[in-house]
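Source file data-v6.txt; content: compact mmCIF, C-alpha atoms.
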# COMPACT_ATOMS: atom_id res chain seq x y z
CA MET Q 432 36.68 -43.09 6.03
CA LYS Q 433 34.72 -44.52 8.95
CA TYR Q 434 31.93 -41.92 8.52
CA LEU Q 435 31.85 -42.44 4.75
CA TYR Q 436 31.36 -46.17 5.35
CA ILE Q 437 28.46 -45.46 7.73
CA LEU Q 438 26.78 -43.17 5.19
CA LYS Q 439 27.12 -45.77 2.43
CA LYS Q 440 25.58 -48.46 4.61
CA ASN Q 441 22.82 -46.16 5.93
CA PRO Q 442 21.36 -43.98 3.14
CA LEU Q 443 18.42 -43.09 5.40
CA PHE Q 444 20.87 -41.58 7.85
CA LEU Q 445 22.18 -39.35 5.05
CA LEU Q 446 18.61 -38.29 4.26
CA TYR Q 447 18.08 -37.48 7.94
CA ILE Q 448 21.20 -35.30 8.06
CA PHE Q 449 20.12 -33.52 4.88
CA SER Q 450 16.66 -32.81 6.32
CA LEU Q 451 18.24 -31.37 9.47
CA VAL Q 452 20.33 -29.00 7.37
CA LEU Q 453 17.26 -27.83 5.43
CA THR Q 454 15.25 -27.37 8.62
CA ASN Q 455 17.98 -25.32 10.27
CA ALA Q 456 18.42 -23.21 7.14
CA SER Q 457 14.68 -22.58 6.99
CA PHE Q 458 14.59 -21.69 10.68
CA ALA Q 459 17.51 -19.29 10.27
CA GLN Q 460 15.79 -17.63 7.32
CA GLU Q 461 12.55 -17.27 9.32
CA LYS Q 462 14.47 -15.67 12.18
CA LYS Q 463 15.72 -12.98 9.81
CA VAL Q 464 12.17 -11.84 8.98
CA ALA Q 465 11.70 -8.53 10.78
CA PHE Q 466 7.92 -8.36 10.34
CA LYS Q 467 5.11 -9.81 8.23
CA VAL Q 468 2.83 -7.94 5.83
CA ILE Q 469 -0.51 -9.02 4.39
CA ALA Q 470 -1.95 -7.08 1.45
CA PHE Q 471 -5.65 -7.23 0.62
CA TYR Q 472 -6.87 -6.42 -2.87
CA THR Q 473 -9.84 -6.75 -5.21
CA ALA Q 474 -8.42 -6.11 -8.72
CA ARG Q 475 -11.76 -6.46 -10.47
CA HIS Q 476 -13.02 -3.11 -11.68
CA ASP Q 477 -10.91 -0.14 -12.81
CA LEU Q 478 -8.20 -1.21 -15.28
CA ALA Q 479 -5.73 1.27 -13.81
CA HIS Q 480 -6.27 -0.13 -10.32
CA ILE Q 481 -5.95 -3.70 -11.60
CA SER Q 482 -2.67 -2.78 -13.31
CA PHE Q 483 -1.42 -1.25 -10.05
CA VAL Q 484 -2.34 -4.32 -8.00
CA HIS Q 485 -0.49 -6.66 -10.37
CA GLU Q 486 2.51 -4.34 -10.30
CA ALA Q 487 2.43 -4.14 -6.49
CA ASN Q 488 2.29 -7.91 -6.14
CA ARG Q 489 5.48 -8.14 -8.20
CA TRP Q 490 7.31 -5.23 -6.56
CA PHE Q 491 6.63 -5.89 -2.88
CA PRO Q 492 8.03 -9.46 -2.79
CA ALA Q 493 11.32 -8.18 -4.25
CA ILE Q 494 11.43 -5.36 -1.69
CA ALA Q 495 10.59 -7.82 1.08
CA ARG Q 496 13.61 -9.95 0.20
CA GLN Q 497 15.83 -6.88 0.14
CA TYR Q 498 14.65 -5.51 3.51
CA HIS Q 499 14.02 -8.83 5.24
CA PHE Q 500 10.29 -8.80 5.83
CA ARG Q 501 7.62 -11.18 4.58
CA TYR Q 502 4.96 -10.11 2.08
CA ASP Q 503 1.78 -12.08 1.44
CA SER Q 504 -1.31 -11.01 -0.48
CA THR Q 505 -4.89 -12.19 -0.78
CA ASP Q 506 -8.10 -11.24 -2.59
CA ASN Q 507 -10.19 -13.05 0.03
CA TRP Q 508 -11.44 -10.26 2.28
CA ASP Q 509 -12.99 -12.82 4.63
CA ASN Q 510 -9.40 -13.36 5.79
CA LEU Q 511 -9.81 -10.01 7.50
CA ASN Q 512 -10.49 -11.68 10.85
CA ALA Q 513 -8.71 -11.77 14.18
CA HIS Q 514 -7.27 -15.28 13.76
CA PHE Q 515 -5.78 -14.60 10.33
CA LEU Q 516 -4.51 -11.13 11.23
CA SER Q 517 -2.73 -12.47 14.30
CA GLN Q 518 -0.03 -13.80 11.95
CA TYR Q 519 0.86 -10.31 10.68
CA GLN Q 520 2.09 -6.98 11.98
CA VAL Q 521 1.19 -4.83 8.94
CA VAL Q 522 -1.93 -4.78 6.77
CA ILE Q 523 -2.03 -3.14 3.33
CA PHE Q 524 -5.16 -2.20 1.38
CA LEU Q 525 -4.01 -2.03 -2.26
CA ASP Q 526 -7.18 -0.98 -4.06
CA ALA Q 527 -10.30 -1.25 -1.92
CA ARG Q 528 -11.69 -1.39 1.61
CA PRO Q 529 -13.65 -4.12 3.41
CA ASP Q 530 -17.43 -4.01 3.09
CA LYS Q 531 -18.78 -6.66 5.48
CA PRO Q 532 -19.43 -5.60 9.10
CA ALA Q 533 -17.36 -8.50 10.50
CA GLN Q 534 -14.38 -7.56 8.31
CA ARG Q 535 -14.60 -3.92 9.35
CA LYS Q 536 -14.87 -4.82 13.02
CA ALA Q 537 -11.81 -7.08 12.81
CA PHE Q 538 -9.78 -4.37 11.09
CA GLN Q 539 -10.75 -1.68 13.60
CA GLU Q 540 -9.83 -3.98 16.50
CA PHE Q 541 -6.53 -4.84 14.82
CA MET Q 542 -5.64 -1.16 14.54
CA GLU Q 543 -6.87 -0.24 18.03
CA ASN Q 544 -4.72 -3.03 19.48
CA GLY Q 545 -1.43 -1.88 17.99
CA GLY Q 546 -1.59 -3.18 14.42
CA ALA Q 547 -0.17 -1.19 11.51
CA TRP Q 548 -1.72 -0.26 8.15
CA MET Q 549 -0.80 1.26 4.80
CA GLY Q 550 -3.42 2.21 2.23
CA PHE Q 551 -3.10 3.19 -1.40
CA HIS Q 552 -5.24 5.44 -3.60
CA PHE Q 553 -8.71 3.90 -3.95
CA SER Q 554 -8.64 2.33 -0.48
CA ALA Q 555 -9.79 5.71 0.91
CA PHE Q 556 -12.54 6.27 -1.67
CA ALA Q 557 -16.10 6.78 -0.46
CA LEU Q 558 -18.95 8.53 -2.26
CA THR Q 559 -22.70 8.40 -1.85
CA PRO Q 560 -24.29 7.37 -4.13
CA SER Q 561 -21.78 4.90 -5.63
CA ASP Q 562 -20.73 1.27 -5.30
CA TYR Q 563 -18.54 2.47 -2.40
CA PRO Q 564 -20.90 4.64 -0.30
CA MET Q 565 -19.91 6.76 2.66
CA ASN Q 566 -21.12 4.22 5.22
CA TRP Q 567 -18.12 3.62 7.51
CA ASP Q 568 -17.72 6.64 9.74
CA TRP Q 569 -14.85 5.29 11.89
CA TYR Q 570 -12.68 4.52 8.87
CA HIS Q 571 -13.27 7.58 6.70
CA ASN Q 572 -13.76 10.31 9.31
CA ARG Q 573 -11.88 9.17 12.42
CA PHE Q 574 -9.14 6.87 11.07
CA LEU Q 575 -8.34 8.47 7.70
CA GLY Q 576 -9.84 11.84 8.58
CA SER Q 577 -10.49 12.65 4.93
CA GLY Q 578 -14.23 12.03 4.80
CA SER Q 579 -15.84 11.58 1.42
CA TYR Q 580 -14.17 11.75 -1.98
CA VAL Q 581 -15.01 15.02 -3.79
CA SER Q 582 -13.20 15.11 -7.14
CA ASN Q 583 -10.07 14.08 -9.03
CA THR Q 584 -7.65 15.23 -11.68
CA TRP Q 585 -7.60 13.65 -15.10
CA ARG Q 586 -5.65 12.43 -17.03
CA PRO Q 587 -3.13 10.69 -14.72
CA THR Q 588 -0.11 12.98 -14.58
CA SER Q 589 3.04 13.40 -12.53
CA ALA Q 590 3.02 16.03 -9.80
CA VAL Q 591 5.72 17.79 -7.83
CA LEU Q 592 5.23 16.70 -4.23
CA ARG Q 593 6.36 18.74 -1.23
CA VAL Q 594 7.48 17.11 2.02
CA GLU Q 595 5.50 18.66 4.88
CA ASN Q 596 7.23 16.79 7.71
CA HIS Q 597 10.90 15.84 7.47
CA PHE Q 598 10.93 14.43 11.00
CA HIS Q 599 8.67 11.47 10.31
CA PRO Q 600 10.59 8.20 9.71
CA ALA Q 601 8.76 7.70 6.39
CA THR Q 602 9.90 11.03 4.94
CA LYS Q 603 13.13 11.92 6.73
CA ASN Q 604 15.27 10.66 3.81
CA LEU Q 605 13.35 12.55 1.13
CA PRO Q 606 14.29 15.87 -0.49
CA ASP Q 607 12.10 18.93 0.04
CA THR Q 608 10.31 18.26 -3.26
CA PHE Q 609 10.30 15.48 -5.83
CA SER Q 610 8.33 14.45 -8.90
CA SER Q 611 5.90 11.56 -8.53
CA SER Q 612 4.88 8.84 -10.93
CA PRO Q 613 1.78 9.70 -13.01
CA ASN Q 614 -1.34 9.39 -10.89
CA GLU Q 615 -4.98 10.36 -10.61
CA TRP Q 616 -5.07 12.78 -7.66
CA TYR Q 617 -7.99 12.95 -5.21
CA ARG Q 618 -9.60 15.86 -3.40
CA TRP Q 619 -11.38 15.19 -0.10
CA GLN Q 620 -14.32 16.57 1.84
CA ASN Q 621 -12.42 17.34 5.05
CA ASP Q 622 -9.56 19.82 5.43
CA LEU Q 623 -6.90 17.64 7.04
CA ARG Q 624 -4.99 20.71 8.19
CA GLN Q 625 -7.79 21.37 10.70
CA ASN Q 626 -7.53 17.91 12.29
CA PRO Q 627 -5.00 17.86 15.17
CA ASN Q 628 -4.74 14.06 14.91
CA ILE Q 629 -3.54 14.13 11.30
CA ASP Q 630 0.14 14.47 10.42
CA ILE Q 631 0.35 15.54 6.77
CA LEU Q 632 3.52 14.11 5.23
CA LEU Q 633 3.25 15.15 1.58
CA SER Q 634 1.16 17.60 -0.41
CA ILE Q 635 1.05 18.78 -4.01
CA ASP Q 636 3.49 21.62 -4.57
CA SER Q 637 2.10 24.73 -6.26
CA SER Q 638 4.63 24.34 -9.08
CA SER Q 639 2.51 21.40 -10.28
CA PHE Q 640 -0.36 23.65 -11.38
CA PRO Q 641 -2.10 23.33 -13.72
CA LEU Q 642 -2.39 19.66 -12.77
CA GLY Q 643 -4.25 17.34 -15.14
CA THR Q 644 -5.02 17.59 -18.83
CA GLY Q 645 -8.78 17.16 -18.96
CA PRO Q 646 -10.63 17.14 -21.30
CA LYS Q 647 -13.11 18.36 -18.66
CA GLN Q 648 -12.02 21.65 -17.13
CA ASN Q 649 -13.00 20.58 -13.60
CA GLU Q 650 -10.45 17.75 -13.94
CA ILE Q 651 -7.62 20.30 -14.18
CA TRP Q 652 -6.55 21.86 -10.89
CA HIS Q 653 -5.15 25.39 -10.99
CA LYS Q 654 -4.80 26.13 -7.26
CA GLY Q 655 -5.51 24.78 -3.82
CA TYR Q 656 -4.00 22.65 -1.07
CA TYR Q 657 -4.05 18.88 -1.61
CA PRO Q 658 -2.51 16.43 0.89
CA VAL Q 659 -1.40 13.18 -0.76
CA ALA Q 660 0.19 11.27 2.13
CA TRP Q 661 -0.59 11.44 5.83
CA SER Q 662 -0.65 9.58 9.13
CA ASN Q 663 -3.07 9.57 12.06
CA LYS Q 664 -1.22 10.12 15.35
CA ASN Q 665 -3.64 7.83 17.20
CA TYR Q 666 -2.75 4.82 15.05
CA ARG Q 667 0.26 3.28 13.33
CA MET Q 668 -0.90 4.05 9.79
CA ILE Q 669 -0.01 5.81 6.57
CA TYR Q 670 -2.21 6.58 3.58
CA VAL Q 671 -0.72 7.51 0.20
CA ASN Q 672 -2.84 8.75 -2.70
CA MET Q 673 -0.60 7.05 -5.28
CA GLY Q 674 -1.80 3.83 -6.93
CA HIS Q 675 -3.47 4.65 -10.27
CA ASN Q 676 -1.43 3.79 -13.37
CA ASP Q 677 -2.01 5.56 -16.67
CA MET Q 678 -3.63 3.28 -19.25
CA ASP Q 679 -3.82 3.47 -23.05
CA TYR Q 680 -7.62 3.43 -23.17
CA GLU Q 681 -7.68 4.92 -26.66
CA HIS Q 682 -5.64 2.23 -28.42
CA LYS Q 683 -6.80 -1.20 -27.31
CA ILE Q 684 -5.19 -4.12 -29.13
CA ASP Q 685 -7.10 -7.41 -29.07
CA SER Q 686 -9.18 -6.11 -26.15
CA THR Q 687 -5.97 -5.47 -24.18
CA THR Q 688 -5.30 -2.10 -22.58
CA ARG Q 689 -1.61 -1.24 -22.35
CA THR Q 690 -0.18 0.25 -19.15
CA LEU Q 691 1.51 3.58 -19.95
CA SER Q 692 3.01 4.30 -16.53
CA HIS Q 693 3.97 2.33 -13.44
CA THR Q 694 3.67 3.53 -9.87
CA PHE Q 695 6.89 1.85 -8.71
CA ASP Q 696 9.07 3.27 -11.49
CA ASN Q 697 10.00 6.22 -9.29
CA LYS Q 698 13.04 6.13 -7.01
CA MET Q 699 11.98 8.85 -4.57
CA GLN Q 700 8.40 7.66 -4.35
CA ASN Q 701 9.66 4.14 -3.66
CA ARG Q 702 11.85 5.52 -0.90
CA LEU Q 703 8.71 6.94 0.72
CA ILE Q 704 6.89 3.61 0.48
CA VAL Q 705 9.82 1.58 1.82
CA GLY Q 706 10.38 4.08 4.63
CA SER Q 707 6.71 3.90 5.51
CA LEU Q 708 6.71 0.11 5.62
CA LEU Q 709 9.86 -0.09 7.74
CA TRP Q 710 8.33 2.36 10.22
CA LEU Q 711 5.03 0.46 10.27
CA GLY Q 712 6.93 -2.78 10.81
CA GLY Q 713 8.84 -1.31 13.76
CA VAL Q 714 12.23 -1.25 12.05
CA ARG Q 715 12.52 2.57 12.04

What do you get writing this file as structure tokens?
Amino acid sequence: MKYLYILKKNPLFLLYIFSLVLTNASFAQEKKVAFKVIAFYTARHDLAHISFVHEANRWFPAIARQYHFRYDSTDNWDNLNAHFLSQYQVVIFLDARPDKPAQRKAFQEFMENGGAWMGFHFSAFALTPSDYPMNWDWYHNRFLGSGSYVSNTWRPTSAVLRVENHFHPATKNLPDTFSSSPNEWYRWQNDLRQNPNIDILLSIDSSSFPLGTGPKQNEIWHKGYYPVAWSNKNYRMIYVNMGHNDMDYEHKIDSTTRTLSHTFDNKMQNRLIVGSLLWLGGVR
């Protein structure tokens, strides 16, 4: 009764107690965050890439709450600087790469000083001539190892993926093979199998062929070896070729293009992405 009387006579004291509770709760929640992720994106050009970015920025926050990490995203690539990156342990490129020299320098220094990175689909694209020319040797040849883009399958289709390394933390909980979400698959200039620094995690299984529906015949693959996820042993990084949703280009309604497939609608593929992030964040 004595304490109730004090609270009635001192409402500001009650407000003070309440603020302490909120502060402690917030501090406890912050302590539970295992690592922090910042995702960079553009989401301006290809409709399939835009659809993927919007999907990713819905999916990752939910996964972050489940696995106790923090996920932020930004379309301001000028945030790719040492001061901003110092707040995060993991960087994601959702649909592009940095273009300005200062941004590229900051990213390279981040990676060479122990930072972690995950890239999706178009983040590895480079082709001369194009709007994304092959003009960043460290990133495409030394870091990714893939070199220039060469060709792709079309239309976006599911593929059977084969796990090449079951010992890596990102893939150790995956079956030998699994079916992916529909995707546009890329072929690269460099043979990653010949690079001793590259650890190929997933490739397209031969049971997937023919892969793609055309209509152009060169957009249908009938044979070959195609890595779709890999890591560079000199860095804490993983690239995955997934990240291109199928779109209903033929039946636009009121200038709206409907998304026909979603990258994160696949349990096994999601297990790969979560496993990759937990490894990059130092949890696995």

Fill in: Shell around Q:His599 at 12 Å using all atoms listed in the file, local window under 2 positions removed, as a list in words
Val594, Glu595, Asn596, His597, Ala601, Thr602, Lys603, Asn604, Leu605, Asp630, Ile631, Leu632, Leu633, Ala660, Trp661, Ser662, Lys664, Ile669, Leu703, Gly706, Ser707, Leu709, Trp710, Leu711 and Arg715 of chain Q

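Pairwise distance (atom CA of Q:Val659, atom CA of Q:Pro492) equals 24.6 Å.
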
Item to complete: Could you check how far atom CA of Q:Ile469 sits from atom CA of Q:Pro532, in Å to one decimal?
Response: 19.8 Å

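The interatomic distance for the pair atom CA of Q:Tyr666 and atom CA of Q:Asn544 works out to 9.2 Å.
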
Please tabulate, as a Markdown table, the residues of stretch 517-630 of chain Q that come within 12 Å of stretch 672-677 of chain Q, each with its closest pair of atoms and the distance in Å to one decimal, counting all atoms listed in the file and ordering rows by chain, then residue number upward.
| residue | atom | partner | partner_atom | distance |
| --- | --- | --- | --- | --- |
| Q:Phe524 | CA | Q:Gly674 | CA | 10.8 |
| Q:Leu525 | CA | Q:Gly674 | CA | 7.8 |
| Q:Asp526 | CA | Q:Gly674 | CA | 7.8 |
| Q:Ala527 | CA | Q:Gly674 | CA | 11.1 |
| Q:Met549 | CA | Q:Asn672 | CA | 10.8 |
| Q:Gly550 | CA | Q:Asn672 | CA | 8.2 |
| Q:Phe551 | CA | Q:Asn672 | CA | 5.7 |
| Q:His552 | CA | Q:Asn672 | CA | 4.2 |
| Q:Phe553 | CA | Q:Gly674 | CA | 7.5 |
| Q:Ser554 | CA | Q:Asn672 | CA | 8.9 |
| Q:Ala555 | CA | Q:Asn672 | CA | 8.4 |
| Q:Phe556 | CA | Q:Asn672 | CA | 10.1 |
| Q:Leu575 | CA | Q:Asn672 | CA | 11.8 |
| Q:Ser577 | CA | Q:Asn672 | CA | 11.5 |
| Q:Tyr580 | CA | Q:Asn672 | CA | 11.7 |
| Q:Asn583 | CA | Q:Asn672 | CA | 11.0 |
| Q:Thr584 | CA | Q:His675 | CA | 11.5 |
| Q:Trp585 | CA | Q:Asp677 | CA | 10.0 |
| Q:Arg586 | CA | Q:Asp677 | CA | 7.8 |
| Q:Pro587 | CA | Q:Asp677 | CA | 5.6 |
| Q:Thr588 | CA | Q:Asp677 | CA | 7.9 |
| Q:Ser589 | CA | Q:Asp677 | CA | 10.2 |
| Q:Ala590 | CA | Q:Met673 | CA | 10.7 |
| Q:Leu592 | CA | Q:Met673 | CA | 11.3 |
| Q:Ser611 | CA | Q:Met673 | CA | 8.6 |
| Q:Ser612 | CA | Q:Met673 | CA | 8.1 |
| Q:Pro613 | CA | Q:Asp677 | CA | 6.7 |
| Q:Asn614 | CA | Q:His675 | CA | 5.2 |
| Q:Glu615 | CA | Q:His675 | CA | 5.9 |
| Q:Trp616 | CA | Q:Asn672 | CA | 6.8 |
| Q:Tyr617 | CA | Q:Asn672 | CA | 7.1 |
| Q:Arg618 | CA | Q:Asn672 | CA | 9.8 |
| Q:Trp619 | CA | Q:Asn672 | CA | 11.0 |

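Considering only C-alpha atoms, the residue among Q:His499, Q:Lys683, Q:Arg667, Q:Lys467 positioned nearest to Q:Leu516 is Q:Lys467.
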
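With distances restricted to all atoms listed in the file, Q:Thr688 is the closest residue to Q:Asp477 from Q:Gln534, Q:Thr688, Q:Asn621, Q:Ser579.
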
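By all atoms listed in the file, and with residues fewer than 3 positions from Q:Asn507 along its chain excluded, the set lying at most 9 Å from it is Phe471, Tyr472, Thr473, Asn510 and Leu511 of chain Q.
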
Fill in: Selected residue of minimal separation from Q:Thr690 among Q:His476, Q:His485, Q:His653, Q:Lys536, counting all atoms listed in the file
Q:His485

Worksheet entry | Nearest residue to Q:Ala557 from the set Q:Trp508, Q:His514, Q:Gln620, Q:Phe538 (distances using only C-alpha atoms) | Q:Gln620

Worksheet entry | Protein, DNA and RNA residues within 10 Å of (-13.0, 4.8, 11.8), only C-alpha atoms, as a ChimeraX atom specification | /Q:535-536,538-539,542,567-576

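You can rank Q:Met699, Q:Val705, Q:Ile523, Q:Val468 by their closest distance to Q:Val484 using only C-alpha atoms, and at the top of that list sits Q:Ile523.
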